[in-house]
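Below is one structure, written out as structure tokens, with a few remarks after it.
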Amino acid sequence: MRRNALTRTALAALFLVGAWAGAGAPSAAADERASSAREASEAPASPALLSALRADLGLTASEAEARLAAEERATTAEPKARRAAGAAYGGSWFDASSGRLTVALTEDAGDRTRRAVEATGATVRAVEHSARELDAVKQRVDRLDAPAGVTSWHVDPAANTVVVNVAGGSRSDDAVQRFLDRARAAGPVTVDVVPGAPRTLAAGTVGGDPYYTGNVRCSIGFSVVGGFVTAGHCGGVGQAVSGWDRTHIGTFQGSSFPGNDYAWVNVGSGWWTVPVVLGWGTVSDQLVRGSAEAPVGASVCRSGSTTRWHCGTVLAKNETVNYSQGAVYQMTKTSVCAEGGDSGGAFISGDQAQGVTSGGWGNCSTGGQTWHQPVNEILTRYGLTLLTA
């Protein structure tokens, strides 16, 4: 029956369950999987998740468990530290070596401000430029016309500058040089060379995989009340979406790409949703309990229909990515690999939803980097409510 096949095959990044003809409630198999995920989530970290972090980040079991706990503390401290810093705030990041949140403060910050930030559990580093100043520089760079050889740019709080990434072999191009000259004129800018150019990660039709829009295959992101969120480049408003078995799920109710890369799909026709990110057997299926944003430097994992479950770290936030189809703004960059068909899939840190996979460079054999569209922006844009356990 349809529900049994779905339980066996699963869906990429969300446990989206197909209804059995005439059934009005989730299958027993669905309940068992959700119960299993709940039990695993109640522990500090499942053995399988610790194993995945050990493999992808090179940690021992005890180091992985300690890091997850430290990252949770840093995620909780970050908004408090930002408020305490006020206008002196220069950005923040998780320092894996110390296991603490680091907050940059401008040199004119007073002792009272410093003590207030330190009281949140964060360490403090003095910097020249505030986050507001650097964001203004990035906005000026956003208004420039970037050539193909310029792959992305973002504010790096640790370096206290805007970093412009250029594809290897393109730095000497005249158009790239003109762009870099204009970018430097906007404010503090440094240049990094990266191995490849970004690309979106939709794929052609592959039989038996999770969701399709025409002949495009993508991955489901997170369940929301009434549907799920995914990547905008996977389909436009009004396009029909079918599941792994080619039965109708719903239609794109909202979609934006480029500029943004997000969308949401309503769910009907006997399908329903539960707040689970699939671990694909690598880890226990993960319950979603919220969407608190992890800091730069924290670990993050991705679930997708092609390469399934992989982990890495958050490298940058608010990055502009220069795809061939046009620039996409306010993206989060990670060290997690991905491949075609993983687009739209879930990024999760612990039990907190982070975003939906947009694109990247490289692959999961040799490595690479991947960007995701932050989930909170999607929820706000469409007035959606994240389904949580």
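Quick note on naming: the chains in the structure tokens go A, B, ... in the order shown, residues restart at 1 in each chain, and ligands are numbered from 1 in order of appearance.
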*Would you return as a PyMOL selection string the members of segment 110-309 of chain A that DSSP assigns to strand (DSSP E) on this structure's backbone?*
chain A and resi 123-127+150-156+161-167+189-194+199-200+203-204+211-213+216-218+223-224+227-230+240-242+248-256+262-266+271-273+276-277+286-287+299-304+308-309
_Residues within 12 Å of Lys138 of chain A, only C-alpha atoms, excluding chain neighbours under 6 positions, as number ranges by chain_ = A: 131-132, 144, 152-156, 161-164, 182-190, 317-320, 329-330
How would you write, as a compact mmCIF listing (two decimals) with C-alpha atoms, in the first residue's frame, the set of residues in segment 50-203 of chain A that DSSP gives as alpha helix (DSSP H)?
```txt
# COMPACT_ATOMS: atom_id res chain seq x y z
CA LEU A 50 27.67 11.65 17.41
CA SER A 51 29.09 9.18 14.92
CA ALA A 52 28.16 11.45 11.99
CA LEU A 53 29.84 14.44 13.66
CA ARG A 54 32.90 12.33 14.39
CA ALA A 55 33.14 11.33 10.73
CA ASP A 56 32.48 14.76 9.19
CA LEU A 57 34.25 16.98 11.74
CA ALA A 61 32.61 10.79 20.71
CA SER A 62 33.23 12.82 23.87
CA GLU A 63 34.39 15.83 21.84
CA ALA A 64 31.26 15.66 19.67
CA GLU A 65 28.96 15.50 22.69
CA ALA A 66 30.78 18.37 24.42
CA ARG A 67 30.64 20.46 21.25
CA LEU A 68 26.89 20.02 20.81
CA ALA A 69 26.33 21.13 24.40
CA ALA A 70 28.63 24.14 23.96
CA GLU A 71 26.94 25.13 20.72
CA GLU A 72 23.55 25.02 22.39
CA ARG A 73 24.81 27.40 25.08
CA ALA A 74 26.29 29.71 22.43
CA THR A 75 23.07 29.75 20.42
CA THR A 76 21.13 30.74 23.55
CA ALA A 77 23.69 33.41 24.51
CA GLU A 78 23.98 35.08 21.09
CA PRO A 79 20.80 37.22 21.10
CA LYS A 80 21.45 38.26 24.71
CA ALA A 81 25.03 39.24 23.90
CA ARG A 82 23.90 41.19 20.82
CA ARG A 83 21.44 43.21 22.91
CA ALA A 84 24.05 43.82 25.60
CA ALA A 85 26.57 45.07 23.03
CA ASP A 111 33.73 48.72 30.46
CA ARG A 112 30.06 48.46 31.37
CA THR A 113 29.19 47.17 27.91
CA ARG A 114 32.07 44.70 27.97
CA ARG A 115 31.01 43.35 31.37
CA ALA A 116 27.38 43.02 30.21
CA VAL A 117 28.46 40.97 27.20
CA GLU A 118 30.77 38.78 29.27
CA ALA A 131 28.48 45.13 12.40
CA ARG A 132 26.30 48.01 11.24
CA GLU A 133 29.23 49.58 9.39
CA LEU A 134 30.20 46.30 7.74
CA ASP A 135 26.60 45.56 6.76
CA ALA A 136 26.46 48.97 5.08
CA VAL A 137 29.63 48.12 3.13
CA LYS A 138 28.11 44.83 2.01
CA GLN A 139 24.94 46.60 0.90
CA ARG A 140 27.03 48.90 -1.28
CA VAL A 141 28.77 45.89 -2.80
CA ASP A 142 25.33 44.28 -3.35
CA ASP A 174 39.48 42.54 -16.32
CA ALA A 175 35.81 42.46 -15.27
CA VAL A 176 36.72 40.88 -11.93
CA GLN A 177 39.44 43.44 -11.30
CA ARG A 178 37.04 46.31 -12.03
CA PHE A 179 34.51 44.82 -9.62
CA LEU A 180 37.14 44.41 -6.89
CA ASP A 181 38.33 47.99 -7.31
CA ARG A 182 34.77 49.28 -6.88
CA ALA A 183 34.17 46.94 -3.94
CA ARG A 184 37.29 48.17 -2.13
CA ALA A 185 36.10 51.72 -2.62
CA ALA A 186 32.97 50.81 -0.67
```
*asked:* For Cys234 of chain A, find every residue with an atom within 12 Å (counting only C-alpha atoms), except residues of its own chain fewer than 3 positions away, and show them as number ranges by chain.
replied: A: 200-204, 211-221, 229-231, 237, 239-241, 251-252, 254-258, 261-265, 340-345, 356-359
*Long-range neighbours of Thr370 of chain A as number ranges by chain, 7 Å cut-off, only C-alpha atoms, 3 positions minimum in chain*: A: 333-338, 359-361
*asked:* Just the number, please: distance in Å from atom CA of Thr366 of chain A to atom CA of Gly259 of chain A, one decimal.
replied: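 According to the coordinates, atom CA of Thr366 of chain A and atom CA of Gly259 of chain A are separated by 29.2 Å.
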*Can you list, as a ChimeraX atom specification, every protein, DNA or RNA residue that comes within 7 Å of Gly91 of chain A when you count only C-alpha atoms, leaving out same-chain residues fewer than 6 positions away?*
/A:103-104,131,157
*When you draw a straight line from atom CA of Met331 of chain A to atom CA of Ala316 of chain A, how long is it in Å?*
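Calculated distance between atom CA of Met331 of chain A and atom CA of Ala316 of chain A is 8.4 Å.
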*Point out the residue among A:Ala292, A:Ala48, A:Ala126, A:Val267 with the least atom-to-atom distance to Thr247 of chain A, counting only C-alpha atoms.*
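Selected residue with least distance to Thr247 of chain A: A:Val267.
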